[in-house]
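> Just one file: protein-v5.cif, with mmCIF, C-alpha atoms.
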data_final
loop_
_atom_site.label_atom_id
_atom_site.label_comp_id
_atom_site.auth_asym_id
_atom_site.auth_seq_id
_atom_site.Cartn_x
_atom_site.Cartn_y
_atom_site.Cartn_z
CA MET V 18 1.61 -14.85 88.52
CA ALA V 19 2.71 -12.95 85.43
CA THR V 20 3.23 -9.19 85.36
CA SER V 21 0.00 -7.28 84.72
CA PHE V 22 -0.05 -5.01 81.66
CA PRO V 23 -2.65 -2.50 80.51
CA SER V 24 -4.93 -3.48 77.66
CA VAL V 25 -4.98 -1.55 74.38
CA PRO V 26 -8.14 0.41 75.40
CA GLU V 27 -6.50 1.26 78.73
CA LEU V 28 -3.32 2.47 77.00
CA VAL V 29 -5.35 4.59 74.58
CA ALA V 30 -7.41 6.07 77.43
CA GLY V 31 -4.24 6.90 79.38
CA ALA V 32 -2.66 8.52 76.34
CA ARG V 33 -5.77 10.60 75.74
CA ARG V 34 -5.76 11.77 79.36
CA LEU V 35 -2.11 12.76 79.10
CA TYR V 36 -2.83 14.59 75.83
CA GLY V 37 -5.53 16.62 77.57
CA HIS V 38 -3.22 17.40 80.49
CA VAL V 39 -0.30 18.49 78.29
CA PHE V 40 -2.16 20.39 75.60
CA GLY V 41 -5.20 21.59 77.55
CA GLU V 42 -7.70 20.21 75.08
CA GLU V 43 -9.52 16.99 74.35
CA ALA V 44 -7.41 14.48 72.45
CA PRO V 45 -8.30 13.90 68.80
CA LEU V 46 -9.78 10.51 67.95
CA THR V 47 -6.81 9.49 65.78
CA ALA V 48 -5.04 6.51 67.38
CA ALA V 49 -2.66 3.83 66.12
CA CYS V 50 -1.26 0.65 67.63
CA ALA V 51 1.50 -1.88 66.90
CA PRO V 52 2.70 -4.92 68.88
CA GLY V 53 6.02 -6.01 70.25
CA ARG V 54 7.22 -9.52 69.51
CA VAL V 55 8.97 -12.54 70.93
CA ASN V 56 11.23 -14.55 68.65
CA LEU V 57 10.74 -18.28 69.17
CA ILE V 58 13.85 -19.21 67.16
CA GLY V 59 16.06 -17.73 64.44
CA GLU V 60 18.36 -15.22 66.14
CA HIS V 61 20.74 -12.95 64.21
CA THR V 62 19.64 -14.63 60.99
CA ASP V 63 17.46 -11.82 59.59
CA TYR V 64 20.34 -9.57 58.54
CA ASN V 65 21.92 -12.66 56.98
CA GLN V 66 18.83 -13.14 54.76
CA GLY V 67 17.81 -16.28 56.64
CA PHE V 68 14.65 -17.48 58.37
CA VAL V 69 13.12 -16.26 61.63
CA LEU V 70 10.09 -17.46 63.60
CA PRO V 71 8.68 -14.66 65.78
CA MET V 72 5.18 -14.04 67.06
CA ALA V 73 3.44 -10.76 67.83
CA LEU V 74 2.55 -10.09 71.47
CA PRO V 75 -0.33 -8.43 73.31
CA LEU V 76 2.31 -5.95 74.55
CA VAL V 77 1.84 -2.90 72.32
CA THR V 78 2.65 0.73 71.63
CA VAL V 79 -0.15 3.20 70.95
CA VAL V 80 0.02 6.71 69.50
CA VAL V 81 -2.79 9.20 70.02
CA GLY V 82 -2.90 12.66 68.47
CA GLY V 83 -3.87 14.78 65.56
CA GLN V 84 -2.78 17.16 62.82
CA THR V 85 -2.03 20.83 63.48
CA SER V 86 -2.19 23.78 61.10
CA GLY V 87 1.52 24.48 60.87
CA PRO V 88 4.77 22.56 60.37
CA ASP V 89 5.53 22.13 64.08
CA VAL V 90 5.59 18.79 65.87
CA THR V 91 5.21 18.02 69.57
CA VAL V 92 5.53 14.46 70.82
CA VAL V 93 5.19 13.33 74.43
CA THR V 94 5.94 9.84 75.73
CA ALA V 95 4.25 8.32 78.76
CA THR V 96 6.90 5.58 78.99
CA GLU V 97 8.51 5.88 82.41
CA ASP V 98 11.77 4.19 81.41
CA ALA V 99 12.32 6.53 78.44
CA ASP V 100 15.19 8.98 78.71
CA GLU V 101 14.48 12.61 79.54
CA PRO V 102 13.03 14.89 78.40
CA ARG V 103 9.79 13.08 77.67
CA ARG V 104 8.53 15.89 75.48
CA VAL V 105 10.11 17.01 72.21
CA ASP V 106 9.21 19.95 70.01
CA PHE V 107 10.66 20.40 66.54
CA HIS V 108 9.98 22.06 63.21
CA LEU V 109 9.46 19.99 60.07
CA PRO V 110 11.84 21.31 57.39
CA GLY V 111 10.02 22.50 54.30
CA ASP V 112 12.94 22.05 51.94
CA GLY V 113 13.19 18.27 52.28
CA SER V 114 16.32 18.44 54.43
CA PRO V 115 16.72 15.56 56.91
CA LEU V 116 15.61 15.55 60.52
CA PRO V 117 18.83 14.97 62.46
CA PRO V 118 18.86 12.51 65.35
CA GLY V 119 19.79 13.71 68.81
CA LEU V 120 18.53 13.59 72.38
CA PRO V 121 16.33 12.21 73.84
CA SER V 122 17.04 8.91 72.14
CA TRP V 123 13.41 7.71 72.12
CA ALA V 124 12.49 10.62 69.81
CA ASN V 125 14.97 9.42 67.18
CA TYR V 126 12.64 6.55 66.28
CA VAL V 127 9.86 9.08 65.67
CA LYS V 128 12.14 11.34 63.61
CA GLY V 129 13.37 8.37 61.60
CA VAL V 130 9.82 7.30 60.74
CA ILE V 131 8.95 10.85 59.66
CA GLN V 132 12.13 10.95 57.57
CA HIS V 133 11.27 7.72 55.75
CA TYR V 134 7.50 8.13 55.53
CA ARG V 135 6.45 7.25 52.01
CA ALA V 136 3.97 10.08 51.39
CA PRO V 137 5.89 13.27 52.17
CA PRO V 138 5.64 15.97 53.23
CA VAL V 139 4.35 15.02 56.68
CA PRO V 140 2.02 17.64 58.20
CA GLY V 141 2.58 19.11 61.64
CA PHE V 142 0.98 17.23 64.53
CA ARG V 143 0.77 16.68 68.26
CA ALA V 144 0.98 13.14 69.63
CA VAL V 145 1.28 11.12 72.82
CA ILE V 146 2.98 7.71 72.98
CA ALA V 147 2.07 5.01 75.52
CA SER V 148 3.47 1.49 75.56
CA SER V 149 3.32 -1.77 77.48
CA VAL V 150 6.41 -3.19 75.72
CA PRO V 151 9.27 -3.09 78.26
CA LEU V 152 12.31 -1.14 77.12
CA GLY V 153 15.50 -3.18 76.86
CA GLY V 154 13.68 -6.49 77.26
CA GLY V 155 14.46 -7.88 73.82
CA LEU V 156 10.77 -7.77 72.85
CA SER V 157 11.20 -5.08 70.20
CA SER V 158 9.89 -1.94 71.83
CA SER V 159 11.65 0.04 69.09
CA ALA V 160 9.88 -1.65 66.15
CA SER V 161 6.59 -1.44 68.02
CA LEU V 162 7.08 2.33 68.34
CA GLU V 163 8.18 2.71 64.71
CA VAL V 164 5.26 0.78 63.26
CA ALA V 165 2.73 2.45 65.57
CA PHE V 166 4.01 5.87 64.55
CA TYR V 167 4.06 5.00 60.86
CA THR V 168 0.44 3.81 61.19
CA PHE V 169 -0.42 7.08 62.93
CA LEU V 170 1.08 9.10 60.05
CA GLN V 171 -0.91 6.99 57.58
CA GLN V 172 -4.07 8.31 59.22
CA LEU V 173 -2.88 11.92 58.96
CA LYS V 174 -1.71 11.61 55.34
CA PRO V 175 -2.30 8.21 53.74
CA ASP V 176 0.36 6.49 51.67
CA ASP V 177 -0.34 3.56 49.32
CA GLY V 178 -0.86 1.19 52.27
CA ASP V 179 1.70 -1.39 51.15
CA LYS V 180 2.58 -3.37 54.27
CA VAL V 181 5.99 -4.67 53.20
CA SER V 182 7.02 -1.12 52.32
CA THR V 183 5.83 0.03 55.75
CA ALA V 184 8.08 -2.52 57.45
CA LEU V 185 11.04 -1.56 55.25
CA ALA V 186 10.56 2.15 55.95
CA CYS V 187 10.51 1.49 59.70
CA GLN V 188 13.66 -0.62 59.39
CA LYS V 189 15.37 2.30 57.60
CA ALA V 190 14.30 4.59 60.43
CA GLU V 191 16.16 2.40 62.90
CA HIS V 192 19.25 2.28 60.66
CA THR V 193 19.52 6.02 60.09
CA HIS V 194 18.24 7.52 63.33
CA ALA V 195 18.94 4.91 66.03
CA ALA V 196 22.20 3.71 64.43
CA VAL V 197 21.14 0.06 64.75
CA PRO V 198 21.84 -2.01 61.60
CA CYS V 199 18.93 -4.35 62.36
CA GLY V 200 17.40 -6.93 60.08
CA ILE V 201 13.76 -6.83 59.02
CA MET V 202 12.26 -9.30 61.51
CA ASP V 203 11.00 -6.93 64.21
CA GLN V 204 9.28 -4.43 61.96
CA PHE V 205 7.89 -7.17 59.70
CA VAL V 206 6.17 -9.13 62.46
CA SER V 207 4.88 -5.92 64.05
CA VAL V 208 3.14 -5.17 60.75
CA PHE V 209 2.08 -8.71 59.77
CA GLY V 210 1.66 -10.57 63.09
CA GLN V 211 -1.57 -12.54 63.48
CA GLU V 212 -3.51 -13.65 66.51
CA GLY V 213 -2.83 -17.27 67.45
CA HIS V 214 0.09 -17.69 65.04
CA ALA V 215 3.84 -17.48 64.83
CA LEU V 216 5.21 -16.11 61.56
CA LEU V 217 7.93 -17.86 59.57
CA ILE V 218 9.65 -15.05 57.67
CA ASP V 219 12.03 -15.51 54.77
CA CYS V 220 14.20 -12.44 55.23
CA ARG V 221 15.49 -12.63 51.66
CA SER V 222 12.23 -12.82 49.71
CA LEU V 223 10.16 -11.13 52.45
CA GLU V 224 7.58 -13.88 52.10
CA SER V 225 5.94 -15.08 55.30
CA THR V 226 3.99 -18.13 56.38
CA PRO V 227 1.68 -18.09 59.43
CA VAL V 228 2.33 -21.09 61.69
CA PRO V 229 -0.69 -21.93 63.89
CA LEU V 230 -0.26 -22.00 67.66
CA ALA V 231 -3.65 -23.33 68.69
CA ASP V 232 -2.87 -26.28 70.94
CA PRO V 233 -4.40 -25.71 74.40
CA SER V 234 -1.91 -28.13 75.94
CA ILE V 235 1.09 -25.83 75.46
CA VAL V 236 2.14 -22.48 76.94
CA ILE V 237 4.78 -19.94 75.95
CA LEU V 238 6.42 -18.30 78.93
CA ILE V 239 8.46 -15.09 78.71
CA THR V 240 10.81 -14.42 81.62
CA ASN V 241 12.64 -11.13 82.08
CA SER V 242 16.20 -11.24 83.41
CA ASN V 243 15.85 -7.51 84.19
CA VAL V 244 19.25 -7.05 82.56
CA LYS V 245 18.56 -4.18 80.17
CA HIS V 246 20.01 -4.75 76.75
CA SER V 247 20.93 -2.16 74.18
CA LEU V 248 21.72 -2.76 70.52
CA THR V 249 23.06 0.75 69.98
CA GLY V 250 26.56 -0.08 71.25
CA SER V 251 29.41 -1.63 69.29
CA GLU V 252 28.70 -5.35 69.81
CA TYR V 253 25.63 -5.70 67.57
CA PRO V 254 27.14 -3.84 64.57
CA MET V 255 30.34 -5.84 65.08
CA ARG V 256 28.44 -9.14 64.77
CA ARG V 257 26.88 -7.97 61.53
CA ARG V 258 30.27 -6.93 60.11
CA GLN V 259 31.75 -10.31 61.07
CA CYS V 260 28.96 -12.09 59.19
CA GLU V 261 29.47 -9.91 56.12
CA GLU V 262 33.20 -10.60 56.26
CA ALA V 263 32.57 -14.35 56.44
CA ALA V 264 30.17 -14.24 53.50
CA SER V 265 32.68 -12.27 51.45
CA ILE V 266 35.49 -14.74 52.18
CA LEU V 267 33.18 -17.60 51.24
CA GLY V 268 32.28 -15.85 47.99
CA LYS V 269 28.58 -15.63 48.92
CA ASP V 270 26.12 -12.76 48.80
CA SER V 271 25.08 -13.68 52.33
CA LEU V 272 25.47 -16.51 54.81
CA ARG V 273 22.02 -17.72 53.68
CA ASP V 274 23.83 -19.22 50.68
CA ALA V 275 26.61 -20.89 52.70
CA THR V 276 26.82 -24.45 53.99
CA ILE V 277 28.83 -25.95 56.80
CA LYS V 278 30.90 -27.69 54.11
CA ASP V 279 31.70 -24.27 52.59
CA LEU V 280 32.68 -23.01 56.02
CA GLU V 281 34.94 -25.94 56.83
CA GLU V 282 36.71 -25.66 53.49
CA ALA V 283 37.44 -21.97 54.13
CA MET V 284 38.48 -22.38 57.77
CA ASP V 285 42.13 -21.48 57.13
CA ARG V 286 41.03 -18.13 55.64
CA LEU V 287 38.75 -17.18 58.56
CA SER V 288 39.69 -15.94 61.99
CA GLY V 289 38.48 -18.11 64.86
CA VAL V 290 35.86 -15.55 65.86
CA THR V 291 34.56 -15.04 62.32
CA TYR V 292 34.28 -18.80 61.90
CA GLN V 293 32.23 -19.05 65.09
CA ARG V 294 29.84 -16.26 64.05
CA ALA V 295 29.29 -17.82 60.62
CA ARG V 296 28.77 -21.29 62.03
CA HIS V 297 26.05 -20.02 64.35
CA VAL V 298 24.21 -18.28 61.51
CA ILE V 299 24.42 -21.16 59.03
CA GLU V 300 23.21 -23.69 61.61
CA GLU V 301 20.58 -21.33 63.04
CA ILE V 302 19.00 -20.81 59.63
CA GLU V 303 18.64 -24.57 59.25
CA ARG V 304 17.39 -24.93 62.85
CA THR V 305 14.68 -22.35 62.21
CA SER V 306 13.45 -24.13 59.10
CA GLN V 307 13.33 -27.42 61.01
CA ALA V 308 11.62 -25.78 63.99
CA ALA V 309 8.79 -24.35 61.87
CA LYS V 310 8.12 -27.81 60.44
CA ALA V 311 8.18 -29.34 63.93
CA LEU V 312 5.75 -26.75 65.26
CA LYS V 313 3.33 -27.41 62.41
CA ARG V 314 3.42 -31.14 63.27
CA GLY V 315 3.00 -30.54 66.99
CA ALA V 316 6.44 -32.09 67.59
CA TYR V 317 7.10 -30.02 70.69
CA LYS V 318 9.98 -32.10 72.03
CA GLU V 319 11.81 -31.64 68.75
CA PHE V 320 11.03 -27.93 68.75
CA GLY V 321 12.26 -27.60 72.34
CA LYS V 322 15.51 -29.41 71.52
CA LEU V 323 16.13 -26.93 68.70
CA MET V 324 15.45 -24.02 71.07
CA VAL V 325 18.11 -25.25 73.48
CA GLU V 326 20.58 -25.81 70.63
CA SER V 327 19.89 -22.25 69.51
CA HIS V 328 20.58 -20.87 72.96
CA ASN V 329 23.81 -22.82 73.34
CA SER V 330 24.99 -21.55 69.95
CA LEU V 331 24.13 -17.95 70.86
CA ARG V 332 26.05 -18.41 74.10
CA ASP V 333 29.12 -20.21 72.77
CA LEU V 334 29.49 -19.23 69.09
CA TYR V 335 27.77 -15.86 68.75
CA GLU V 336 28.59 -14.79 72.33
CA VAL V 337 25.53 -12.61 72.89
CA SER V 338 24.09 -14.28 75.97
CA CYS V 339 24.89 -13.40 79.57
CA ARG V 340 25.06 -15.25 82.89
CA GLU V 341 21.52 -14.32 83.88
CA LEU V 342 19.99 -15.59 80.65
CA ASP V 343 22.04 -18.80 80.81
CA GLU V 344 20.91 -19.51 84.36
CA LEU V 345 17.25 -18.85 83.56
CA VAL V 346 17.40 -21.25 80.61
CA SER V 347 19.14 -23.91 82.72
CA ALA V 348 16.59 -23.51 85.52
CA ALA V 349 13.66 -23.83 83.12
CA MET V 350 15.07 -27.00 81.60
CA GLU V 351 15.19 -28.63 85.05
CA VAL V 352 11.39 -28.64 85.27
CA ARG V 353 9.33 -31.62 84.17
CA GLY V 354 7.04 -30.62 81.31
CA VAL V 355 9.36 -27.98 79.80
CA PHE V 356 10.15 -28.70 76.15
CA GLY V 357 12.72 -26.00 75.52
CA SER V 358 14.00 -22.57 76.51
CA ARG V 359 16.32 -19.97 75.02
CA MET V 360 17.31 -16.34 75.14
CA THR V 361 15.26 -14.21 72.77
CA GLY V 362 16.13 -10.96 71.03
CA GLY V 363 19.48 -9.48 70.16
CA GLY V 364 21.08 -10.58 73.41
CA PHE V 365 23.28 -8.96 76.08
CA GLY V 366 20.31 -9.14 78.47
CA GLY V 367 16.54 -9.11 78.08
CA CYS V 368 14.25 -12.13 78.18
CA THR V 369 14.07 -15.88 77.77
CA VAL V 370 11.25 -17.69 75.95
CA THR V 371 10.17 -21.14 77.12
CA LEU V 372 7.84 -23.70 75.54
CA LEU V 373 6.14 -25.99 78.05
CA GLN V 374 3.12 -28.11 78.81
CA ALA V 375 0.19 -26.12 80.16
CA ASP V 376 0.01 -28.26 83.29
CA ALA V 377 3.65 -27.42 84.07
CA ILE V 378 3.21 -23.66 84.23
CA ASP V 379 2.83 -23.26 88.01
CA ARG V 380 5.79 -25.44 88.97
CA THR V 381 7.92 -23.81 86.27
CA ILE V 382 7.22 -20.31 87.56
CA LEU V 383 7.87 -21.39 91.16
CA HIS V 384 11.16 -22.99 90.15
CA LEU V 385 12.26 -19.93 88.18
CA LYS V 386 11.46 -17.68 91.12
CA ASP V 387 13.99 -19.66 93.17
CA CYS V 388 16.68 -18.84 90.60
CA PRO V 389 19.03 -16.17 92.02
CA VAL V 390 18.96 -14.17 88.76
CA PHE V 391 15.17 -14.27 88.33
CA GLY V 392 13.70 -10.90 87.33
CA SER V 393 10.01 -11.29 86.57
CA ILE V 394 7.50 -13.32 84.60
CA LEU V 395 6.37 -11.00 81.84
CA LEU V 396 3.84 -13.16 80.03
CA SER V 397 2.34 -16.62 80.20
CA LEU V 398 0.54 -17.25 76.91
CA LYS V 399 -1.69 -20.26 76.39
CA SER V 400 -1.42 -21.01 72.71
CA ASP V 401 -5.14 -21.28 71.95
CA LYS V 402 -5.86 -18.01 73.74
CA PHE V 403 -3.25 -15.62 72.38
CA PRO V 404 -4.97 -12.26 72.61
CA CYS V 405 -5.19 -10.05 69.55
CA CYS V 406 -2.16 -7.84 69.18
CA CYS V 407 -3.89 -4.53 68.41
#
How would this structure read if it were set down as structure tokens?


Amino acid sequence: MATSFPSVPELVAGARRLYGHVFGEEAPLTAACAPGRVNLIGEHTDYNQGFVLPMALPLVTVVVGGQTSGPDVTVVTATEDADEPRRVDFHLPGDGSPLPPGLPSWANYVKGVIQHYRAPPVPGFRAVIASSVPLGGGLSSSASLEVAFYTFLQQLKPDDGDKVSTALACQKAEHTHAAVPCGIMDQFVSVFGQEGHALLIDCRSLESTPVPLADPSIVILITNSNVKHSLTGSEYPMRRRQCEEAASILGKDSLRDATIKDLEEAMDRLSGVTYQRARHVIEEIERTSQAAKALKRGAYKEFGKLMVESHNSLRDLYEVSCRELDELVSAAMEVRGVFGSRMTGGGFGGCTVTLLQADAIDRTILHLKDCPVFGSILLSLKSDKFPCCC
């Protein structure tokens, strides 16, 4: 009943066919892959140096191609929802000058990764991109593309292979070339995600702890509202600035260091909106820590309660939800056997993530399909059978 997606071998085969069609020659054997992610809890906490709890998905981006003799680059995307044109050609500057972003927007992620690749200069190449991560679904298609492309460049000209540095370079690519001041969560889990586990990430120390998801009695359901979200507008950067303002007023390096007591004592120095943003972040960091402990214990009711609290906070305090996401969460929570549900990703559209008993999956999907704002079931993942990401 979930949407069908191509496997990694199918994506690679399709990319190789497109390479042959575009370039008139057999595709080189060089291929790279990186997964998208769903965040179980911990939203808008990564750029506040807090905790997040995402998991990598079997939805992936692959890059197929090879090195050329000169400094020219040609990249083609097979992603139907990408903006036109779906082919870009550009010259790699030999003097170390930056690659400027421009149109089409999907190519900016590629240019940003080239710009921040840690073993310059990058040689010329031809490449084809194919992906099963839906654009604008809040499942991190951008980080999946960045990490896949970085991994592709590592095969053309190896760097030192440091994984944390790979994630940080891909994050910089999104900052400079997509103009999204994102935290580290998406790129980090795309690099470090493990089969059958969520990943508790400390976004200050960049330490991570795998959290097993191996109970056959639970399922994670991802539902798409089909409301496309975009983090490149003004709302996402505004939220980050509001958090930085709150931390500054509180005399903290980041909201990771703040408590609700600190916030209450400074209320008369904060605007109402800034107070709300900070309250969400401070409480969400604590919720995420509690949720990871609950998941380790198999305390699914407790975990589900924290998911719903997270959603309500994102709706009321951080104001990044939308009517469609709210209604999907409410509909899911009406079904017997559902532990919790929440919006996932940056917000303003995208998907919900729901934790439920395995024997409740059919009635949950049927109930969600009756919801007027239902878009599609993207994935139904039984926790002991999470497929390998790449």

> Counting only C-alpha atoms, which residues in region 215-288 of chain V sit no more than 10 Å from region 382-391 of chain V? For each one, give the nearest pair of atoms and the distance in Å, sorted by chain then residue number, as a Markdown table.


| residue | atom | partner | partner_atom | distance |
| --- | --- | --- | --- | --- |
| V:Leu238 | CA | V:Ile382 | CA | 8.9 |
| V:Thr240 | CA | V:Phe391 | CA | 8.0 |
| V:Asn241 | CA | V:Phe391 | CA | 7.4 |
| V:Ser242 | CA | V:Phe391 | CA | 5.9 |
| V:Asn243 | CA | V:Phe391 | CA | 8.0 |
| V:Val244 | CA | V:Val390 | CA | 9.4 |

> Selected residues, C-alpha atoms, written as a compact mmCIF listing (two decimals), in the frame of the given file, please.


# COMPACT_ATOMS: atom_id res chain seq x y z
CA LEU V 238 6.42 -18.30 78.93
CA THR V 240 10.81 -14.42 81.62
CA ASN V 241 12.64 -11.13 82.08
CA SER V 242 16.20 -11.24 83.41
CA ASN V 243 15.85 -7.51 84.19
CA VAL V 244 19.25 -7.05 82.56

> Please evaluate the PyMOL selection byres ((chain V and resi 271-274) around 6) against the displayed coordinates and give the resulting residues as a ChimeraX atom specification.

/V:65-67,264,269-270,275

> Starting from the PyMOL selection byres ((chain V and resi 145) around 9), expand the selection into actual residues of this file and give them as a PyMOL selection string.

chain V and resi 32-33+35-36+79-82+91-95+143-144+146-147

> Do you have the CA of Gly83 (chain V)-CA of Glu97 (chain V) distance handy?

22.7 Å

> Which one of V:Ala316, V:Ala283, V:Val29, V:Met72 sits closest to Gly213 (chain V) if you count only C-alpha atoms?

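Using only C-alpha atoms, the shortest distance to Gly213 (chain V) belongs to V:Met72.
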
> Determine the residue membership of the PyMOL selection byres ((chain V and resi 207-211) around 7) for the file above and supply it as a list in words.

Ala51, Pro52, Gly53, Arg54, Met72, Ala73, Ala160, Ser161, Val164, Lys180, Ala184, Asp203, Gln204, Phe205, Val206, Glu212, Gly213, His214 and Leu216 of chain V

> With C-alpha atoms retained, could you export that selection as an mmCIF file, in the frame of the given file?


data_model
loop_
_atom_site.group_PDB
_atom_site.id
_atom_site.type_symbol
_atom_site.label_atom_id
_atom_site.label_comp_id
_atom_site.auth_asym_id
_atom_site.auth_seq_id
_atom_site.Cartn_x
_atom_site.Cartn_y
_atom_site.Cartn_z
ATOM 1 C CA ALA V 51 1.500 -1.880 66.900
ATOM 2 C CA PRO V 52 2.700 -4.920 68.880
ATOM 3 C CA GLY V 53 6.020 -6.010 70.250
ATOM 4 C CA ARG V 54 7.220 -9.520 69.510
ATOM 5 C CA MET V 72 5.180 -14.040 67.060
ATOM 6 C CA ALA V 73 3.440 -10.760 67.830
ATOM 7 C CA ALA V 160 9.880 -1.650 66.150
ATOM 8 C CA SER V 161 6.590 -1.440 68.020
ATOM 9 C CA VAL V 164 5.260 0.780 63.260
ATOM 10 C CA LYS V 180 2.580 -3.370 54.270
ATOM 11 C CA ALA V 184 8.080 -2.520 57.450
ATOM 12 C CA ASP V 203 11.000 -6.930 64.210
ATOM 13 C CA GLN V 204 9.280 -4.430 61.960
ATOM 14 C CA PHE V 205 7.890 -7.170 59.700
ATOM 15 C CA VAL V 206 6.170 -9.130 62.460
ATOM 16 C CA GLU V 212 -3.510 -13.650 66.510
ATOM 17 C CA GLY V 213 -2.830 -17.270 67.450
ATOM 18 C CA HIS V 214 0.090 -17.690 65.040
ATOM 19 C CA LEU V 216 5.210 -16.110 61.560
#

> Please provide as a list in words all residues within 7 Å of region 112-125 of chain V, with the sequence filter that same-chain residues fewer than 6 positions apart are discarded (counting all atoms listed in the file).

Ala99, Asp100, Glu101, Pro102, Gln132, His194 and Ala195 of chain V

> For Glu344 (chain V), which residue among V:His133, V:Lys313, V:His328, V:Arg294 is the nearest when counting all atoms listed in the file?

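The closest residue to Glu344 (chain V) is V:His328.
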
> I need the residue nearest Pro75 (chain V) from this list: V:Leu57, V:Ile131, V:Leu156, V:Met360. Use only C-alpha atoms for the distance.

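Looking at the shortest contact to Pro75 (chain V), the residue is V:Leu156.
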
> Determine, counting only C-alpha atoms, which protein, DNA and RNA residues have an atom within 8 Å of an atom of Met324 (chain V); residues of the same chain fewer than 3 positions away are not included. Present the result as a list in words.

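Returned residues: Leu57, Ile58, Phe320, Gly321, Ser327, His328, Gly357, Ser358 and Arg359 of chain V.
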
> Between V:Leu396, V:Leu331, V:Val236, V:Met202, which one has atoms that come closest to Gln374 (chain V), using all atoms listed in the file?

V:Val236

> Identify the residues around (2.0, -7.3, 79.5) within a radius of 12 Å, measuring from only C-alpha atoms in the coordinates stated by the file, and give them as a PyMOL selection string.

chain V and resi 18-25+28+52-54+74-78+148-151+154+156+238-241+393-398+404+406

> Could you tell me, as a ChimeraX atom specification, which residues have any atom at most 10 Å from (13.5, 2.4, 59.8), counting all atoms listed in the file?

/V:126-134,159-160,163-164,167,183-199,201,204

> Enter the distance from CA of Ser251 (chain V) to CA of Pro71 (chain V), in Å, rounded to one decimal.

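Between CA of Ser251 (chain V) and CA of Pro71 (chain V) the gap is 24.7 Å.
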
> Suppose you want the space between CA of Gly200 (chain V) and CA of Asp285 (chain V); what is it in Å?

28.8 Å

> List the neighbours of Gly354 (chain V) out to 8 Å using only C-alpha atoms; skip same-chain residues closer than 4 positions along the sequence, and give me the result as a PyMOL selection string.

chain V and resi 373-374+376-377

> Set the distance at 10 Å and use all atoms listed in the file: which residues neighbour Arg256 (chain V) once local chain neighbours fewer than 3 positions away are removed? I'd like the list as a PDB file with C-alpha atoms, in the coordinates of the input.


ATOM      1  CA  HIS V  61      20.740 -12.950  64.210  1.00  0.00           C
ATOM      2  CA  SER V 251      29.410  -1.630  69.290  1.00  0.00           C
ATOM      3  CA  GLU V 252      28.700  -5.350  69.810  1.00  0.00           C
ATOM      4  CA  TYR V 253      25.630  -5.700  67.570  1.00  0.00           C
ATOM      5  CA  GLN V 259      31.750 -10.310  61.070  1.00  0.00           C
ATOM      6  CA  CYS V 260      28.960 -12.090  59.190  1.00  0.00           C
ATOM      7  CA  GLU V 261      29.470  -9.910  56.120  1.00  0.00           C
ATOM      8  CA  GLU V 262      33.200 -10.600  56.260  1.00  0.00           C
ATOM      9  CA  VAL V 290      35.860 -15.550  65.860  1.00  0.00           C
ATOM     10  CA  THR V 291      34.560 -15.040  62.320  1.00  0.00           C
ATOM     11  CA  ARG V 294      29.840 -16.260  64.050  1.00  0.00           C
ATOM     12  CA  ALA V 295      29.290 -17.820  60.620  1.00  0.00           C
ATOM     13  CA  TYR V 335      27.770 -15.860  68.750  1.00  0.00           C
ATOM     14  CA  GLU V 336      28.590 -14.790  72.330  1.00  0.00           C
ATOM     15  CA  VAL V 337      25.530 -12.610  72.890  1.00  0.00           C
TER      16      VAL V 337
END
